[in-house]
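Below is work-v7.cif, holding mmCIF, C-alpha atoms.
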```
data_data
#
loop_
_atom_site.group_PDB
_atom_site.id
_atom_site.type_symbol
_atom_site.label_atom_id
_atom_site.label_comp_id
_atom_site.auth_asym_id
_atom_site.auth_seq_id
_atom_site.Cartn_x
_atom_site.Cartn_y
_atom_site.Cartn_z
ATOM 1 C CA MET H 1 13.931 -6.571 146.019
ATOM 2 C CA ARG H 2 13.613 -4.756 142.729
ATOM 3 C CA ASN H 3 11.975 -6.037 139.559
ATOM 4 C CA LYS H 4 11.036 -3.217 137.207
ATOM 5 C CA VAL H 5 10.242 -3.515 133.510
ATOM 6 C CA ARG H 6 9.491 -0.776 130.985
ATOM 7 C CA LEU H 7 8.443 -1.739 127.460
ATOM 8 C CA SER H 8 7.278 0.280 124.462
ATOM 9 C CA GLY H 9 6.285 -1.394 121.227
ATOM 10 C CA HIS H 10 3.545 -2.687 118.960
ATOM 11 C CA LEU H 11 0.761 -4.798 120.405
ATOM 12 C CA LYS H 12 0.187 -7.901 118.289
ATOM 13 C CA GLY H 13 -3.491 -8.832 118.291
ATOM 14 C CA ASN H 14 -5.887 -8.148 121.142
ATOM 15 C CA PHE H 15 -5.759 -9.116 124.793
ATOM 16 C CA GLN H 16 -7.310 -12.577 125.257
ATOM 17 C CA TYR H 17 -8.610 -14.092 128.485
ATOM 18 C CA SER H 18 -5.858 -15.979 130.333
ATOM 19 C CA HIS H 19 -7.067 -16.952 133.826
ATOM 20 C CA SER H 20 -8.761 -15.846 137.045
ATOM 21 C CA SER H 21 -7.025 -15.501 140.399
ATOM 22 C CA TYR H 22 -8.510 -14.359 143.723
ATOM 23 C CA GLY H 23 -11.611 -13.036 141.949
ATOM 24 C CA ARG H 24 -9.680 -11.024 139.330
ATOM 25 C CA GLU H 25 -9.618 -11.743 135.593
ATOM 26 C CA PHE H 26 -6.310 -11.618 133.729
ATOM 27 C CA TYR H 27 -5.744 -11.202 130.002
ATOM 28 C CA GLN H 28 -2.673 -11.766 127.848
ATOM 29 C CA ALA H 29 -1.210 -10.408 124.613
ATOM 30 C CA THR H 30 2.159 -10.146 122.905
ATOM 31 C CA ILE H 31 4.121 -6.924 122.474
ATOM 32 C CA GLU H 32 6.702 -6.674 119.701
ATOM 33 C CA VAL H 33 9.814 -4.649 120.602
ATOM 34 C CA ALA H 34 12.620 -4.001 118.102
ATOM 35 C CA ARG H 35 16.277 -4.350 119.091
ATOM 36 C CA LEU H 36 18.942 -1.998 117.710
ATOM 37 C CA SER H 37 19.795 -4.793 115.260
ATOM 38 C CA THR H 38 16.149 -4.622 113.998
ATOM 39 C CA VAL H 39 15.476 -8.159 115.269
ATOM 40 C CA LYS H 40 12.125 -8.067 117.090
ATOM 41 C CA ASP H 41 11.488 -9.629 120.479
ATOM 42 C CA GLU H 42 7.941 -10.873 121.061
ATOM 43 C CA ILE H 43 7.223 -10.577 124.791
ATOM 44 C CA LEU H 44 4.202 -12.074 126.531
ATOM 45 C CA VAL H 45 2.292 -9.572 128.700
ATOM 46 C CA VAL H 46 -0.335 -10.529 131.302
ATOM 47 C CA ALA H 47 -2.569 -7.811 132.764
ATOM 48 C CA PRO H 48 -5.571 -7.595 135.096
ATOM 49 C CA LYS H 49 -8.786 -6.674 133.299
ATOM 50 C CA GLU H 50 -9.151 -3.356 135.119
ATOM 51 C CA ILE H 51 -6.005 -1.823 133.564
ATOM 52 C CA LEU H 52 -6.617 -2.914 129.955
ATOM 53 C CA PRO H 53 -6.619 0.040 127.542
ATOM 54 C CA ASP H 54 -9.359 0.823 125.040
ATOM 55 C CA LEU H 55 -8.089 -0.681 121.785
ATOM 56 C CA THR H 56 -11.223 -0.181 119.691
ATOM 57 C CA GLU H 57 -9.301 2.024 117.260
ATOM 58 C CA ASN H 58 -7.124 -0.303 115.171
ATOM 59 C CA SER H 59 -4.614 2.457 114.473
ATOM 60 C CA LYS H 60 -3.679 2.730 118.155
ATOM 61 C CA ARG H 61 -1.510 -0.350 118.531
ATOM 62 C CA TYR H 62 1.582 1.263 120.043
ATOM 63 C CA VAL H 63 1.684 0.849 123.818
ATOM 64 C CA ARG H 64 3.882 1.654 126.812
ATOM 65 C CA ILE H 65 3.919 -0.919 129.628
ATOM 66 C CA GLN H 66 5.302 -0.892 133.180
ATOM 67 C CA GLY H 67 5.427 -3.981 135.383
ATOM 68 C CA ARG H 68 7.624 -6.827 136.553
ATOM 69 C CA PHE H 69 9.128 -9.892 134.878
ATOM 70 C CA SER H 70 7.538 -13.045 136.289
ATOM 71 C CA SER H 71 7.906 -16.795 136.060
ATOM 72 C CA HIS H 72 5.208 -19.398 136.620
ATOM 73 C CA ASN H 73 5.290 -23.206 136.714
ATOM 74 C CA VAL H 74 2.552 -24.728 134.572
ATOM 75 C CA PRO H 75 1.849 -28.393 135.390
ATOM 76 C CA LYS H 76 1.573 -30.803 132.476
ATOM 77 C CA GLU H 77 -0.417 -34.022 132.159
ATOM 78 C CA ASN H 78 2.689 -36.222 132.481
ATOM 79 C CA GLY H 79 3.426 -34.868 135.948
ATOM 80 C CA LYS H 80 6.233 -32.569 134.821
ATOM 81 C CA SER H 81 5.953 -28.805 134.797
ATOM 82 C CA ARG H 82 7.011 -26.125 132.354
ATOM 83 C CA VAL H 83 8.161 -22.613 133.300
ATOM 84 C CA ILE H 84 6.478 -19.722 131.509
ATOM 85 C CA CYS H 85 7.896 -16.201 131.760
ATOM 86 C CA TYR H 86 5.926 -13.033 131.084
ATOM 87 C CA VAL H 87 5.681 -9.363 131.987
ATOM 88 C CA HIS H 88 3.046 -8.834 134.687
ATOM 89 C CA ALA H 89 1.721 -5.392 133.729
ATOM 90 C CA ARG H 90 0.868 -2.796 136.365
ATOM 91 C CA LYS H 91 0.242 0.033 133.911
ATOM 92 C CA ILE H 92 -0.555 0.126 130.170
ATOM 93 C CA GLU H 93 -0.779 3.325 128.123
ATOM 94 C CA VAL H 94 -1.787 3.663 124.482
ATOM 95 C CA CYS H 95 0.499 6.095 122.675
ATOM 96 C CA GLU H 96 -0.957 8.539 120.155
ATOM 97 C CA GLU H 97 2.190 8.349 118.040
ATOM 98 C CA GLN H 98 4.895 5.738 117.683
ATOM 99 C CA GLU H 99 7.918 6.305 119.882
ATOM 100 C CA ASN H 100 11.290 4.615 119.948
ATOM 101 C CA ASP H 101 10.876 1.038 121.166
ATOM 102 C CA GLU H 102 11.948 0.582 124.785
ATOM 103 C CA ASN H 103 12.954 -2.615 126.535
ATOM 104 C CA ASP H 104 14.471 -2.003 129.959
ATOM 105 C CA ILE H 105 14.607 -4.293 132.986
ATOM 106 C CA ARG H 106 16.227 -3.759 136.405
ATOM 107 C CA LEU H 107 16.478 -6.624 138.867
ATOM 108 C CA THR H 108 17.845 -7.154 142.340
ATOM 109 C CA GLY H 109 18.061 -10.824 143.250
ATOM 110 C CA TYR H 110 20.231 -13.765 144.235
ATOM 111 C CA ILE H 111 22.271 -16.228 142.202
ATOM 112 C CA CYS H 112 20.616 -19.601 142.784
ATOM 113 C CA LYS H 113 22.773 -21.806 140.511
ATOM 114 C CA ALA H 114 26.457 -21.571 139.740
ATOM 115 C CA PRO H 115 26.990 -19.523 136.539
ATOM 116 C CA VAL H 116 27.648 -21.665 133.469
ATOM 117 C CA LEU H 117 30.314 -20.318 131.117
ATOM 118 C CA ARG H 118 30.121 -21.380 127.472
ATOM 119 C CA LYS H 119 30.567 -20.138 123.912
ATOM 120 C CA THR H 120 27.865 -19.484 121.351
ATOM 121 C CA PRO H 121 27.784 -22.245 118.698
ATOM 122 C CA VAL H 122 28.415 -20.128 115.592
ATOM 123 C CA SER H 123 30.384 -17.001 116.577
ATOM 124 C CA LYS H 124 32.144 -18.613 119.589
ATOM 125 C CA THR H 125 31.319 -15.575 121.752
ATOM 126 C CA ASP H 126 31.873 -16.037 125.499
ATOM 127 C CA ILE H 127 28.628 -16.034 127.489
ATOM 128 C CA ALA H 128 27.512 -16.914 131.019
ATOM 129 C CA ASP H 129 24.077 -18.296 131.959
ATOM 130 C CA LEU H 130 22.737 -17.232 135.372
ATOM 131 C CA LEU H 131 19.586 -18.276 137.201
ATOM 132 C CA VAL H 132 18.461 -15.383 139.419
ATOM 133 C CA ALA H 133 15.794 -15.560 142.152
ATOM 134 C CA VAL H 134 13.897 -12.300 142.639
ATOM 135 C CA ASN H 135 11.604 -12.161 145.695
ATOM 136 C CA TYR H 136 8.294 -10.373 145.204
ATOM 137 C CA ASP H 137 6.613 -11.032 148.535
ATOM 138 C CA CYS H 138 7.610 -12.759 151.755
ATOM 139 C CA ARG H 139 6.945 -16.275 150.404
ATOM 140 C CA LYS H 140 7.322 -16.145 146.626
ATOM 141 C CA SER H 141 10.110 -15.628 144.115
ATOM 142 C CA ASP H 142 10.463 -15.378 140.359
ATOM 143 C CA TYR H 143 13.249 -17.519 138.885
ATOM 144 C CA LEU H 144 14.656 -15.806 135.813
ATOM 145 C CA TRP H 145 17.312 -16.935 133.364
ATOM 146 C CA CYS H 146 19.835 -14.224 132.549
ATOM 147 C CA ILE H 147 22.692 -14.156 130.078
ATOM 148 C CA ALA H 148 25.919 -12.114 130.212
ATOM 149 C CA TRP H 149 28.136 -11.517 127.203
ATOM 150 C CA LYS H 150 31.858 -11.303 126.469
ATOM 151 C CA ARG H 151 33.965 -9.479 129.122
ATOM 152 C CA LEU H 152 31.009 -9.307 131.516
ATOM 153 C CA ALA H 153 30.740 -13.094 131.396
ATOM 154 C CA ILE H 154 34.476 -13.725 131.754
ATOM 155 C CA ASP H 155 35.474 -11.018 134.251
ATOM 156 C CA ILE H 156 32.472 -10.829 136.572
ATOM 157 C CA CYS H 157 30.084 -13.762 136.274
ATOM 158 C CA LYS H 158 32.651 -16.561 136.506
ATOM 159 C CA THR H 159 33.556 -15.462 140.058
ATOM 160 C CA MET H 160 29.963 -15.265 141.359
ATOM 161 C CA GLN H 161 28.866 -17.681 144.042
ATOM 162 C CA VAL H 162 25.465 -19.220 144.731
ATOM 163 C CA GLY H 163 23.659 -16.910 147.156
ATOM 164 C CA SER H 164 25.400 -13.732 145.928
ATOM 165 C CA LYS H 165 23.114 -10.711 145.837
ATOM 166 C CA ILE H 166 23.273 -8.901 142.492
ATOM 167 C CA LEU H 167 21.841 -5.823 140.823
ATOM 168 C CA LEU H 168 21.527 -6.006 137.053
ATOM 169 C CA GLU H 169 20.166 -3.983 134.168
ATOM 170 C CA GLY H 170 19.396 -5.223 130.695
ATOM 171 C CA ARG H 171 16.622 -6.166 128.292
ATOM 172 C CA ILE H 172 14.199 -9.063 127.894
ATOM 173 C CA GLN H 173 14.865 -11.095 124.790
ATOM 174 C CA SER H 174 12.810 -13.863 123.211
ATOM 175 C CA ARG H 175 14.078 -16.957 121.464
ATOM 176 C CA THR H 176 11.960 -19.414 119.458
ATOM 177 C CA TYR H 177 12.669 -23.147 119.272
ATOM 178 C CA PHE H 178 10.848 -26.339 118.357
ATOM 179 C CA LYS H 179 10.138 -29.275 120.656
ATOM 180 C CA GLY H 180 8.944 -31.973 118.284
ATOM 181 C CA ASP H 181 6.355 -30.216 116.118
ATOM 182 C CA GLU H 182 5.522 -27.650 118.797
ATOM 183 C CA ARG H 183 6.868 -24.112 118.377
ATOM 184 C CA ARG H 184 7.843 -22.577 121.717
ATOM 185 C CA THR H 185 9.207 -19.240 122.866
ATOM 186 C CA THR H 186 11.576 -18.838 125.787
ATOM 187 C CA TYR H 187 12.707 -15.623 127.459
ATOM 188 C CA GLU H 188 15.882 -14.490 129.165
ATOM 189 C CA VAL H 189 17.344 -11.247 130.439
ATOM 190 C CA SER H 190 20.258 -10.042 128.317
ATOM 191 C CA ILE H 191 22.489 -8.283 130.866
ATOM 192 C CA MET H 192 24.000 -4.868 130.092
ATOM 193 C CA THR H 193 25.399 -4.075 133.572
ATOM 194 C CA ILE H 194 25.782 -6.121 136.740
ATOM 195 C CA ASP H 195 26.970 -5.304 140.280
ATOM 196 C CA GLU H 196 27.385 -7.457 143.373
#
```
Encoded form (structure tokens):
Amino acid sequence: MRNKVRLSGHLKGNFQYSHSSYGREFYQATIEVARLSTVKDEILVVAPKEILPDLTENSKRYVRIQGRFSSHNVPKENGKSRVICYVHARKIEVCEEQENDENDIRLTGYICKAPVLRKTPVSKTDIADLLVAVNYDCRKSDYLWCIAWKRLAIDICKTMQVGSKILLEGRIQSRTYFKGDERRTTYEVSIMTIDE
């Protein structure tokens, strides 16, 4: 299975301790990546301590990241769980000069829920919501929400069946919403191309 992410953008703040797993420490930060429309996606990045770059110089805040897009269930006190998505970094480079922002994801996975066709509330654009399972070892999978637009949604996604293997390319986009007084960010893959 394939799950490859490449991001380039501005690092917001410093990496903060997140958690430990199997004796390794992990840290998290947010990278800001501009779309062509100038809207900026804020994408959560989690990285093991040993690959963190030296960010002692405040001017060097532009980074290039390679990794995979992951999902994780976080249990809550009321017994329910909440899914958090993030980029699990495998490599982080500090760039000497700012480059063009990059946000590229390639996934190979399986449709695990029937695609839902709908229209956006304001512009009435046709879209399709897909839940894609991407295996990353023999026992674990990431479950990632993906969204297809216009002709892609109507012509291709509406015919897809649960269990279909797909290859897609696109970008990770963030969306902010409020649940009560709590501000939350959710992520989805905006699909550019898709093949069965």
Given the file above and the PyMOL selection byres ((chain H and resi 106) around 12), which residues are selected, and can you give them as a PDB file with C-alpha atoms, keeping the file's coordinate frame?
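The new file selection08.pdb reads:
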```pdb
ATOM      1  CA  MET H   1      13.931  -6.571 146.019  1.00  0.00           C
ATOM      2  CA  ARG H   2      13.613  -4.756 142.729  1.00  0.00           C
ATOM      3  CA  ASN H   3      11.975  -6.037 139.559  1.00  0.00           C
ATOM      4  CA  LYS H   4      11.036  -3.217 137.207  1.00  0.00           C
ATOM      5  CA  VAL H   5      10.242  -3.515 133.510  1.00  0.00           C
ATOM      6  CA  ARG H   6       9.491  -0.776 130.985  1.00  0.00           C
ATOM      7  CA  GLN H  66       5.302  -0.892 133.180  1.00  0.00           C
ATOM      8  CA  GLY H  67       5.427  -3.981 135.383  1.00  0.00           C
ATOM      9  CA  ARG H  68       7.624  -6.827 136.553  1.00  0.00           C
ATOM     10  CA  PHE H  69       9.128  -9.892 134.878  1.00  0.00           C
ATOM     11  CA  ASN H 103      12.954  -2.615 126.535  1.00  0.00           C
ATOM     12  CA  ASP H 104      14.471  -2.003 129.959  1.00  0.00           C
ATOM     13  CA  ILE H 105      14.607  -4.293 132.986  1.00  0.00           C
ATOM     14  CA  LEU H 107      16.478  -6.624 138.867  1.00  0.00           C
ATOM     15  CA  THR H 108      17.845  -7.154 142.340  1.00  0.00           C
ATOM     16  CA  GLY H 109      18.061 -10.824 143.250  1.00  0.00           C
ATOM     17  CA  VAL H 134      13.897 -12.300 142.639  1.00  0.00           C
ATOM     18  CA  CYS H 146      19.835 -14.224 132.549  1.00  0.00           C
ATOM     19  CA  ILE H 166      23.273  -8.901 142.492  1.00  0.00           C
ATOM     20  CA  LEU H 167      21.841  -5.823 140.823  1.00  0.00           C
ATOM     21  CA  LEU H 168      21.527  -6.006 137.053  1.00  0.00           C
ATOM     22  CA  GLU H 169      20.166  -3.983 134.168  1.00  0.00           C
ATOM     23  CA  GLY H 170      19.396  -5.223 130.695  1.00  0.00           C
ATOM     24  CA  ARG H 171      16.622  -6.166 128.292  1.00  0.00           C
ATOM     25  CA  ILE H 172      14.199  -9.063 127.894  1.00  0.00           C
ATOM     26  CA  VAL H 189      17.344 -11.247 130.439  1.00  0.00           C
ATOM     27  CA  SER H 190      20.258 -10.042 128.317  1.00  0.00           C
ATOM     28  CA  ILE H 191      22.489  -8.283 130.866  1.00  0.00           C
ATOM     29  CA  MET H 192      24.000  -4.868 130.092  1.00  0.00           C
ATOM     30  CA  THR H 193      25.399  -4.075 133.572  1.00  0.00           C
ATOM     31  CA  ILE H 194      25.782  -6.121 136.740  1.00  0.00           C
ATOM     32  CA  ASP H 195      26.970  -5.304 140.280  1.00  0.00           C
TER      33      ASP H 195
END
```
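Here atom CA of H:Lys150 is placed at a distance of 17.7 Å from atom CA of H:Ser37.
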Got a sec to check which residues sit within 8 Å of (-0.4, -12.6, 133.5), counting only C-alpha atoms, and write them as a ChimeraX atom specification?
/H:18-19,26-28,45-48,86-89
May I have the residues within 9 Å of H:Leu52 as a list in words, using all atoms listed in the file and disregarding those fewer than 6 positions away in the same chain?
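Counting all atoms listed in the file, the residues come to Phe15, Tyr27, Lys91, Ile92 and Glu93 of chain H.
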Can you list what the PyMOL selection byres ((chain H and resi 119) around 12) grabs from this structure, as a list in words?
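The output of the PyMOL selection byres ((chain H and resi 119) around 12) on this file is Val116, Leu117, Arg118, Thr120, Pro121, Val122, Ser123, Lys124, Thr125, Asp126, Ile127, Ala128, Asp129, Ile147, Ala148, Trp149, Lys150, Ala153 and Ile154 of chain H.
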Residues within 12 Å of (6.1, -9.2, 123.5), file coords, all atoms listed in the file, listed as a PyMOL selection string:
chain H and resi 6-13+15+28-34+40-46+62-65+69+85-89+101-103+171-175+185-187
Might you pull out every residue within 7 Å of H:Lys165, with all atoms listed in the file counted and same-chain residues fewer than 4 positions away left off, and present them as a PyMOL selection string?
chain H and resi 109-111+196
Please measure the separation of atom CA of H:Gln16 and atom CA of H:Val74, giving the value in Å to one decimal.
18.2 Å
Determine the nearest neighbour of H:Asp142 from the options H:Ser71, H:Ser21, H:Thr176, H:Thr159, counting all atoms listed in the file.
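With all atoms listed in the file as the atom set, the closest residue is H:Ser71.
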One-decimal distance in Å that lies between atom CA of H:Asn14 and atom CA of H:Val94:
12.9 Å
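Using all atoms listed in the file, the smallest distance between any of H:Ser81, H:Ser164, H:Ser70, H:Gln98 and H:Leu130 comes from H:Ser164.
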Give me the result of the PyMOL selection byres ((chain H and resi 113) around 9) on this file, residue by residue, as JSON, numbers by chain.
{"H": [111, 112, 114, 115, 116, 130, 131, 132, 161, 162, 163]}
